[in-house]
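> This is the content of protein_23.cif (mmCIF, C-alpha atoms):
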data_protein
loop_
_atom_site.label_atom_id
_atom_site.label_comp_id
_atom_site.auth_asym_id
_atom_site.auth_seq_id
_atom_site.Cartn_x
_atom_site.Cartn_y
_atom_site.Cartn_z
CA MET D 27 0.00 0.00 0.00
CA ASN D 28 1.48 3.37 -1.02
CA VAL D 29 1.53 6.62 0.94
CA SER D 30 -1.55 8.13 -0.73
CA GLN D 31 -3.59 5.01 -0.01
CA ASN D 32 -2.52 5.11 3.64
CA ILE D 33 -3.52 8.77 3.89
CA GLN D 34 -6.89 8.05 2.30
CA LYS D 35 -7.48 5.14 4.68
CA ASP D 36 -6.66 7.34 7.70
CA GLN D 37 -9.02 10.05 6.41
CA THR D 38 -11.81 7.51 6.04
CA ARG D 39 -11.28 6.26 9.60
CA ASP D 40 -11.36 9.83 10.93
CA LEU D 41 -14.57 10.45 9.01
CA GLU D 42 -16.14 7.26 10.38
CA ARG D 43 -15.29 8.30 13.96
CA ALA D 44 -16.63 11.81 13.37
CA TYR D 45 -19.83 10.39 11.91
CA ALA D 46 -20.36 8.05 14.89
CA ARG D 47 -19.76 10.90 17.40
CA ALA D 48 -22.11 13.29 15.58
CA LEU D 49 -24.79 10.60 15.23
CA GLU D 50 -24.61 9.76 18.92
CA ASP D 51 -24.83 13.46 19.78
CA TYR D 52 -27.93 13.88 17.63
CA LEU D 53 -29.65 10.76 18.96
CA SER D 54 -29.00 11.88 22.51
CA SER D 55 -29.90 15.58 22.14
CA GLY D 56 -31.77 16.09 18.87
CA ARG D 57 -30.12 19.51 18.56
CA GLU D 58 -30.06 21.33 15.22
CA ASP D 59 -26.31 21.89 15.36
CA ALA D 60 -25.79 18.16 15.75
CA LEU D 61 -27.89 17.58 12.63
CA GLN D 62 -25.88 20.27 10.80
CA SER D 63 -22.75 18.24 11.38
CA ALA D 64 -24.28 15.46 9.25
CA TYR D 65 -24.38 17.83 6.30
CA GLU D 66 -20.76 18.89 6.84
CA ILE D 67 -19.64 15.27 7.08
CA GLY D 68 -21.52 14.56 3.84
CA ARG D 69 -19.69 17.43 2.10
CA THR D 70 -16.34 16.10 3.32
CA ALA D 71 -17.19 12.56 2.19
CA LEU D 72 -18.22 13.80 -1.24
CA ALA D 73 -15.01 15.81 -1.59
CA ASP D 74 -12.96 12.76 -0.51
CA GLY D 75 -14.59 10.64 -3.20
CA LEU D 76 -16.73 8.38 -1.02
CA GLY D 77 -19.74 6.93 -2.84
CA VAL D 78 -23.30 6.59 -1.61
CA LEU D 79 -22.87 2.88 -0.86
CA GLU D 80 -19.81 3.64 1.27
CA MET D 81 -21.82 6.28 3.12
CA ALA D 82 -24.59 3.75 3.73
CA ALA D 83 -22.09 1.22 5.10
CA MET D 84 -20.56 3.88 7.35
CA HIS D 85 -23.99 4.87 8.64
CA HIS D 86 -24.96 1.26 9.32
CA ALA D 87 -21.75 0.56 11.25
CA ALA D 88 -22.07 3.79 13.28
CA LEU D 89 -25.75 3.17 14.04
CA ALA D 90 -25.10 -0.36 15.28
CA GLN D 91 -22.25 0.91 17.46
CA VAL D 92 -24.18 3.85 18.92
CA LEU D 93 -27.44 2.01 19.58
CA GLN D 94 -25.62 -0.64 21.58
CA ARG D 95 -24.41 2.07 23.94
CA ILE D 96 -27.33 4.44 24.32
CA SER D 97 -30.62 2.84 23.28
CA ARG D 98 -33.29 1.51 25.53
CA PRO D 99 -36.28 -0.45 24.22
CA ALA D 100 -38.64 2.44 24.95
CA SER D 101 -36.63 4.93 22.89
CA LEU D 102 -35.51 2.61 20.09
CA LYS D 103 -38.11 3.79 17.55
CA GLN D 104 -37.29 7.45 18.25
CA ASP D 105 -33.59 6.74 17.89
CA LEU D 106 -34.11 4.96 14.57
CA ASP D 107 -36.25 7.83 13.24
CA ARG D 108 -33.59 10.33 14.23
CA ALA D 109 -30.88 8.15 12.74
CA GLN D 110 -32.79 8.09 9.45
CA GLU D 111 -33.08 11.89 9.52
CA PHE D 112 -29.36 12.20 10.28
CA PHE D 113 -28.46 9.86 7.42
CA GLY D 114 -30.71 11.77 5.03
CA GLU D 115 -29.03 15.04 5.96
CA SER D 116 -25.58 13.53 5.39
CA LEU D 117 -26.67 12.61 1.86
CA SER D 118 -27.93 16.12 1.04
CA PRO D 119 -24.62 17.14 -0.63
CA TYR D 120 -24.87 14.04 -2.83
CA GLU D 121 -28.43 14.96 -3.81
CA MET D 122 -27.39 18.51 -4.70
CA ALA D 123 -24.40 17.24 -6.68
CA HIS D 124 -26.71 14.86 -8.54
CA ARG D 125 -29.11 17.69 -9.34
CA GLY D 126 -26.22 19.83 -10.57
CA PHE D 127 -25.00 16.98 -12.76
CA ARG D 128 -28.51 16.45 -14.13
CA ASP D 129 -28.88 20.17 -14.86
CA ALA D 130 -25.48 20.18 -16.58
CA ILE D 131 -26.52 17.25 -18.78
CA SER D 132 -29.75 19.05 -19.66
CA ALA D 133 -27.82 22.21 -20.56
CA LEU D 134 -25.34 20.18 -22.63
CA HIS D 135 -28.23 18.52 -24.44
CA ARG D 136 -29.75 21.90 -25.29
CA LEU D 137 -26.35 23.19 -26.43
CA ASN D 138 -25.88 20.22 -28.75
CA GLU D 139 -29.33 20.78 -30.23
CA THR D 140 -28.56 24.46 -30.78
CA LEU D 141 -25.24 23.62 -32.42
CA GLU D 142 -26.89 21.10 -34.73
CA GLN D 143 -29.52 23.65 -35.74
CA GLU D 144 -26.80 26.19 -36.50
CA ILE D 145 -24.80 23.60 -38.44
CA GLN D 146 -27.93 22.75 -40.40
CA ARG D 147 -28.46 26.44 -41.22
CA ILE D 148 -24.84 26.83 -42.41
CA ALA D 149 -25.05 23.62 -44.47
CA HIS D 150 -28.21 24.92 -46.12
CA ALA D 151 -26.51 28.25 -46.92
CA VAL D 152 -23.44 26.50 -48.35
CA HIS D 153 -25.47 24.10 -50.49
CA ASP D 154 -28.35 26.26 -51.69
CA GLU D 155 -27.34 29.91 -51.51
CA ALA D 156 -23.71 29.48 -52.58
CA GLY D 157 -24.85 26.99 -55.23
CA GLN D 158 -27.31 29.52 -56.66
CA LEU D 159 -24.57 32.14 -56.87
CA LEU D 160 -22.35 29.73 -58.79
CA VAL D 161 -25.19 28.98 -61.22
CA ALA D 162 -25.70 32.72 -61.72
CA ALA D 163 -21.96 33.18 -62.31
CA ARG D 164 -21.92 30.44 -64.97
CA LEU D 165 -24.93 31.93 -66.71
CA ALA D 166 -23.31 35.38 -66.73
CA MET D 167 -20.10 33.95 -68.18
CA SER D 168 -21.97 32.04 -70.86
CA GLY D 169 -23.52 35.36 -71.94
CA VAL D 170 -20.12 37.03 -72.02
CA ALA D 171 -18.53 34.14 -73.91
CA ARG D 172 -20.55 34.87 -77.06
CA ASP D 173 -18.84 38.26 -77.42
CA LEU D 174 -15.30 36.95 -76.95
CA SER D 175 -12.72 35.62 -79.34
CA PRO D 176 -12.15 31.83 -79.43
CA SER D 177 -8.92 32.16 -77.42
CA LEU D 178 -10.64 34.13 -74.67
CA GLN D 179 -13.54 31.68 -74.72
CA GLY D 180 -11.04 28.93 -73.96
CA ARG D 181 -9.69 30.91 -71.00
CA LEU D 182 -13.24 31.48 -69.79
CA GLN D 183 -13.96 27.77 -70.01
CA GLU D 184 -11.04 27.18 -67.61
CA VAL D 185 -12.80 29.45 -65.13
CA VAL D 186 -16.03 27.49 -65.58
CA THR D 187 -14.14 24.26 -64.88
CA ILE D 188 -12.77 25.77 -61.65
CA LEU D 189 -16.28 26.84 -60.64
CA ASP D 190 -17.49 23.27 -61.24
CA GLN D 191 -14.82 22.02 -58.84
CA VAL D 192 -15.81 24.67 -56.31
CA GLU D 193 -19.43 23.51 -56.52
CA LYS D 194 -18.41 19.90 -55.91
CA GLN D 195 -16.36 20.92 -52.87
CA LEU D 196 -19.23 23.01 -51.49
CA ARG D 197 -21.62 20.09 -51.97
CA ARG D 198 -19.23 17.78 -50.10
CA LEU D 199 -18.74 20.29 -47.27
CA SER D 200 -22.49 20.79 -47.00
CA HIS D 201 -23.03 17.05 -46.67
CA GLU D 202 -20.32 16.68 -44.04
CA LEU D 203 -21.74 19.59 -42.05
CA ARG D 204 -25.28 18.21 -42.02
CA PRO D 205 -26.24 15.47 -44.50
CA THR D 206 -29.86 15.79 -45.62
CA ILE D 207 -29.84 12.03 -46.09
CA LEU D 208 -29.59 11.66 -42.30
CA ASP D 209 -32.86 13.55 -41.85
CA ASP D 210 -34.61 12.01 -44.85
CA LEU D 211 -33.52 8.35 -44.83
CA GLY D 212 -31.89 7.78 -41.45
CA LEU D 213 -28.63 6.76 -39.82
CA VAL D 214 -27.48 3.76 -41.88
CA PRO D 215 -27.90 5.34 -45.36
CA ALA D 216 -26.16 8.50 -44.09
CA LEU D 217 -23.26 6.42 -42.75
CA GLN D 218 -23.00 4.51 -46.03
CA PHE D 219 -22.69 7.80 -47.91
CA LEU D 220 -20.16 9.10 -45.34
CA THR D 221 -17.96 5.98 -45.37
CA GLU D 222 -17.96 5.76 -49.17
CA GLY D 223 -16.72 9.34 -49.43
CA ILE D 224 -14.01 8.97 -46.78
CA SER D 225 -12.93 5.61 -48.20
CA ARG D 226 -12.54 7.12 -51.66
CA ARG D 227 -10.64 10.23 -50.52
CA ALA D 228 -8.38 8.53 -47.96
CA GLU D 229 -7.84 5.26 -49.89
CA LEU D 230 -9.12 3.40 -46.84
CA SER D 231 -11.21 0.22 -46.82
CA ILE D 232 -14.27 0.88 -44.60
CA ARG D 233 -16.86 -1.86 -44.09
CA LEU D 234 -20.17 -1.02 -42.45
CA HIS D 235 -22.25 -3.84 -40.94
CA SER D 236 -25.67 -3.03 -39.49
CA SER D 237 -28.51 -5.11 -38.10
CA LEU D 238 -30.54 -2.01 -37.18
CA GLU D 239 -34.13 -1.74 -38.36
CA GLY D 240 -36.31 1.35 -38.54
CA ARG D 241 -35.55 4.84 -37.26
CA TYR D 242 -34.35 6.09 -33.88
CA ALA D 243 -34.78 9.40 -32.08
CA PRO D 244 -33.26 12.24 -34.16
CA ASN D 245 -30.82 13.23 -31.39
CA VAL D 246 -29.56 9.63 -31.09
CA GLU D 247 -29.05 9.28 -34.85
CA THR D 248 -27.26 12.64 -34.97
CA VAL D 249 -24.99 11.83 -32.01
CA LEU D 250 -23.98 8.45 -33.41
CA TYR D 251 -23.39 9.90 -36.89
CA ARG D 252 -21.13 12.61 -35.41
CA ILE D 253 -19.24 10.09 -33.27
CA ILE D 254 -18.52 7.80 -36.23
CA GLN D 255 -17.58 10.83 -38.33
CA GLU D 256 -15.10 11.94 -35.62
CA ALA D 257 -13.75 8.39 -35.20
CA LEU D 258 -13.09 8.07 -38.95
CA THR D 259 -11.42 11.49 -38.97
CA ASN D 260 -9.12 10.26 -36.20
CA VAL D 261 -8.32 7.13 -38.18
CA THR D 262 -7.40 9.07 -41.32
CA LYS D 263 -5.28 11.59 -39.37
CA HIS D 264 -3.51 9.42 -36.81
CA ALA D 265 -3.97 5.67 -37.24
CA ARG D 266 -2.23 4.97 -40.57
CA ALA D 267 -4.76 2.15 -40.95
CA LYS D 268 -5.71 0.23 -44.08
CA ASN D 269 -9.01 -1.25 -42.90
CA VAL D 270 -11.86 -0.10 -40.67
CA GLU D 271 -14.82 -2.17 -39.49
CA ILE D 272 -18.01 -0.52 -38.19
CA GLN D 273 -20.69 -2.67 -36.57
CA LEU D 274 -24.11 -1.40 -35.50
CA THR D 275 -26.40 -3.56 -33.37
CA ASN D 276 -29.33 -3.15 -31.01
CA PHE D 277 -28.93 -5.28 -27.92
CA ALA D 278 -30.93 -5.19 -24.67
CA LYS D 279 -32.40 -1.73 -25.38
CA ASN D 280 -28.97 -0.34 -26.10
CA LEU D 281 -27.63 0.74 -29.45
CA HIS D 282 -24.09 -0.63 -29.78
CA CYS D 283 -21.55 0.83 -32.19
CA LEU D 284 -18.12 -0.77 -32.59
CA VAL D 285 -15.42 0.97 -34.67
CA HIS D 286 -12.21 -1.03 -35.16
CA ASP D 287 -9.15 -0.12 -37.22
CA ASP D 288 -5.93 -2.01 -37.94
CA GLY D 289 -3.70 1.04 -37.52
CA VAL D 290 -0.69 1.77 -35.36
CA GLY D 291 -2.71 2.04 -32.13
CA PHE D 292 -1.58 3.89 -29.02
CA ASP D 293 -0.92 3.37 -25.33
CA ALA D 294 -4.54 3.86 -24.22
CA PRO D 295 -4.03 4.10 -20.42
CA SER D 296 -1.33 6.78 -20.62
CA VAL D 297 -2.99 8.82 -23.38
CA LEU D 298 -6.48 8.75 -21.86
CA SER D 299 -5.22 9.65 -18.39
CA CYS D 300 -3.22 12.67 -19.61
CA LYS D 301 -5.35 15.78 -20.19
CA GLU D 302 -2.72 17.43 -22.39
CA ARG D 303 -2.69 14.47 -24.78
CA ARG D 304 -6.41 13.97 -25.35
CA GLY D 305 -6.16 15.35 -28.86
CA LEU D 306 -8.17 12.60 -30.53
CA GLY D 307 -11.57 14.29 -30.41
CA LEU D 308 -12.45 12.15 -27.40
CA VAL D 309 -13.66 15.08 -25.34
CA GLY D 310 -16.26 15.98 -27.96
CA ILE D 311 -17.33 12.34 -28.28
CA ARG D 312 -17.79 11.96 -24.53
CA GLU D 313 -19.73 15.21 -24.26
CA ARG D 314 -22.11 14.13 -27.01
CA LEU D 315 -22.61 10.77 -25.30
CA ILE D 316 -23.28 12.33 -21.90
CA ALA D 317 -26.13 14.32 -23.43
CA VAL D 318 -27.90 11.08 -24.47
CA GLY D 319 -26.83 8.93 -21.50
CA GLY D 320 -24.33 6.92 -23.51
CA THR D 321 -20.94 5.42 -22.65
CA LEU D 322 -17.62 5.08 -24.46
CA GLN D 323 -15.02 2.34 -24.08
CA ILE D 324 -11.65 2.57 -25.84
CA ASP D 325 -9.22 -0.32 -26.28
CA SER D 326 -5.92 0.26 -28.06
CA VAL D 327 -2.50 -1.35 -28.08
CA VAL D 328 0.55 -0.02 -29.91
CA GLY D 329 0.85 -1.93 -33.17
CA ARG D 330 -2.57 -3.60 -32.87
CA GLY D 331 -5.02 -0.91 -33.82
CA THR D 332 -7.82 0.76 -31.89
CA GLU D 333 -11.36 -0.22 -30.97
CA LEU D 334 -14.13 2.16 -29.86
CA LEU D 335 -17.30 0.76 -28.32
CA VAL D 336 -20.24 3.13 -27.91
CA LYS D 337 -23.44 2.21 -26.07
CA ILE D 338 -26.54 4.41 -26.11
CA PRO D 339 -29.84 3.54 -24.39
CA VAL D 340 -32.52 3.84 -27.07
CA GLU D 341 -36.15 3.38 -27.92
CA LYS D 342 -37.25 3.32 -31.53
#
As a first step, turn the structure in this file into structure tokens.


Amino acid sequence: MNVSQNIQKDQTRDLERAYARALEDYLSSGREDALQSAYEIGRTALADGLGVLEMAAMHHAALAQVLQRISRPASLKQDLDRAQEFFGESLSPYEMAHRGFRDAISALHRLNETLEQEIQRIAHAVHDEAGQLLVAARLAMSGVARDLSPSLQGRLQEVVTILDQVEKQLRRLSHELRPTILDDLGLVPALQFLTEGISRRAELSIRLHSSLEGRYAPNVETVLYRIIQEALTNVTKHARAKNVEIQLTNFAKNLHCLVHDDGVGFDAPSVLSCKERRGLGLVGIRERLIAVGGTLQIDSVVGRGTELLVKIPVEK
């Protein structure tokens, strides 16, 4: 056992003794200040990283110890009622922390929805408005071309060719920002379109296997699409992989997504534990998953590729 573990063990013992003393004081006197100490002990326990189950075990041990010393049959019910009140007060910091966490998740969910709406607006502007301007530019140039010499018409045609390439790039960017196919046809067709484009541009073999049927909630489909999009971006930038496998299944009311590549891999424990080195888009992936109650598991070994497993609770 190292030094930090010894310190933590001593702190837990001190907290257990303080809890037993404060509980005995409250059972004996019922004073408000004795009950207040339960709240302070709860704050300390929360800050020290004790969980609710550990608090329950500490309360049970203290209650058994205190009742042996002070209780009489006539006052046992009163003592148990007070002990329940004391325990409830000690858990108040946990309840407030839980509410704060729940509020933060709700705010994150609203933020993600707002971002997606803004992305959708920008994608629409890129695809439709910019596309209309390019059409107008081509029409204007076709009118000008009739008044030009053959040599200048050839130069103008070069400009038209460049505009055609610009239009293709804008169409691709619009799709990557917010694919209309995701809204119209659903997750799997959108992912097929996404993987085909990335596979072609990055010269990467991407195989998509899905046993999903029907549609899921729009926020779930969007989150999973964005996560797979980010995962494939990571593969093309960092993994030096040749093959990627994506598997989508629905198991026990959870949507499972497995993304596996045969790239160079990385030392997962050291990279994931170091805040300065989390440059793989993992923060964004985790934040999106938190908003829908999902989880992320990452397995990677140097030289053996990387595997991401996403689980999202879903209802069709």

> Go through D:Leu208, D:Val161, D:Val318, D:Leu213 one by one, measure the shortest atom-to-atom distance of each to D:Val340 using all atoms listed in the file, and give the residue with the smallest value.

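That would be D:Val318, the residue with the smallest distance to D:Val340.
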
> Residues near stretch 48-60 of chain D, anyone? I mean within 7 Å using all atoms listed in the file, not counting same-chain ones fewer than 3 positions away, as a VMD selection string.

chain D and resid 44 to 45 63 92 105 108 to 109 112

> Could you check the closest approach to D:Ala171 for each of D:Ser326, D:Gln183, D:Asn269, D:Ser132 and tell me which residue wins, using only C-alpha atoms?

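Looking at the shortest contact to D:Ala171, the residue is D:Gln183.
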
> Report, in Å with one decimal, the straight-line distance from atom CA of D:Arg204 to atom CA of D:Leu308.

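Between these atoms lies a distance of 20.4 Å.
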
> Using all atoms listed in the file, which of D:Ala151, D:Leu199, D:Ile207, D:Leu41 sits nearest D:Asp74?

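Answer, going by the shortest atom-to-atom distance: D:Leu41.
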
> The PyMOL selection byres ((chain D and resi 186-198) around 12) on the file shown: which residues, as a PyMOL selection string?

chain D and resi 148-168+171+179-185+199-206+219-220+223-224+227

> Applied to this file, what does the PyMOL selection byres ((chain D and resi 115-121) around 10) return in terms of residues, put as a CSV table (one decimal) with C-alpha atoms, in the coordinates of the input?


chain,number,residue,atom,x,y,z
D,45,TYR,CA,-19.8,10.4,11.9
D,61,LEU,CA,-27.9,17.6,12.6
D,62,GLN,CA,-25.9,20.3,10.8
D,63,SER,CA,-22.8,18.2,11.4
D,64,ALA,CA,-24.3,15.5,9.2
D,65,TYR,CA,-24.4,17.8,6.3
D,66,GLU,CA,-20.8,18.9,6.8
D,67,ILE,CA,-19.6,15.3,7.1
D,68,GLY,CA,-21.5,14.6,3.8
D,69,ARG,CA,-19.7,17.4,2.1
D,70,THR,CA,-16.3,16.1,3.3
D,71,ALA,CA,-17.2,12.6,2.2
D,72,LEU,CA,-18.2,13.8,-1.2
D,73,ALA,CA,-15.0,15.8,-1.6
D,77,GLY,CA,-19.7,6.9,-2.8
D,78,VAL,CA,-23.3,6.6,-1.6
D,81,MET,CA,-21.8,6.3,3.1
D,82,ALA,CA,-24.6,3.8,3.7
D,85,HIS,CA,-24.0,4.9,8.6
D,109,ALA,CA,-30.9,8.2,12.7
D,110,GLN,CA,-32.8,8.1,9.4
D,111,GLU,CA,-33.1,11.9,9.5
D,112,PHE,CA,-29.4,12.2,10.3
D,113,PHE,CA,-28.5,9.9,7.4
D,114,GLY,CA,-30.7,11.8,5.0
D,122,MET,CA,-27.4,18.5,-4.7
D,123,ALA,CA,-24.4,17.2,-6.7
D,124,HIS,CA,-26.7,14.9,-8.5
D,125,ARG,CA,-29.1,17.7,-9.3
D,126,GLY,CA,-26.2,19.8,-10.6
D,127,PHE,CA,-25.0,17.0,-12.8

> Which one is closest to D:Asn276: D:Arg252, D:Gly289, D:Leu258, D:Ser237? Count only C-alpha atoms.

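When distances to D:Asn276 are compared using only C-alpha atoms, the smallest one comes from D:Ser237.
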
> When you draw a straight line from atom CA of D:Ala83 to atom CA of D:Thr321, how long is it in Å?

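Interatomic distance, atom CA of D:Ala83 to atom CA of D:Thr321: 28.1 Å.
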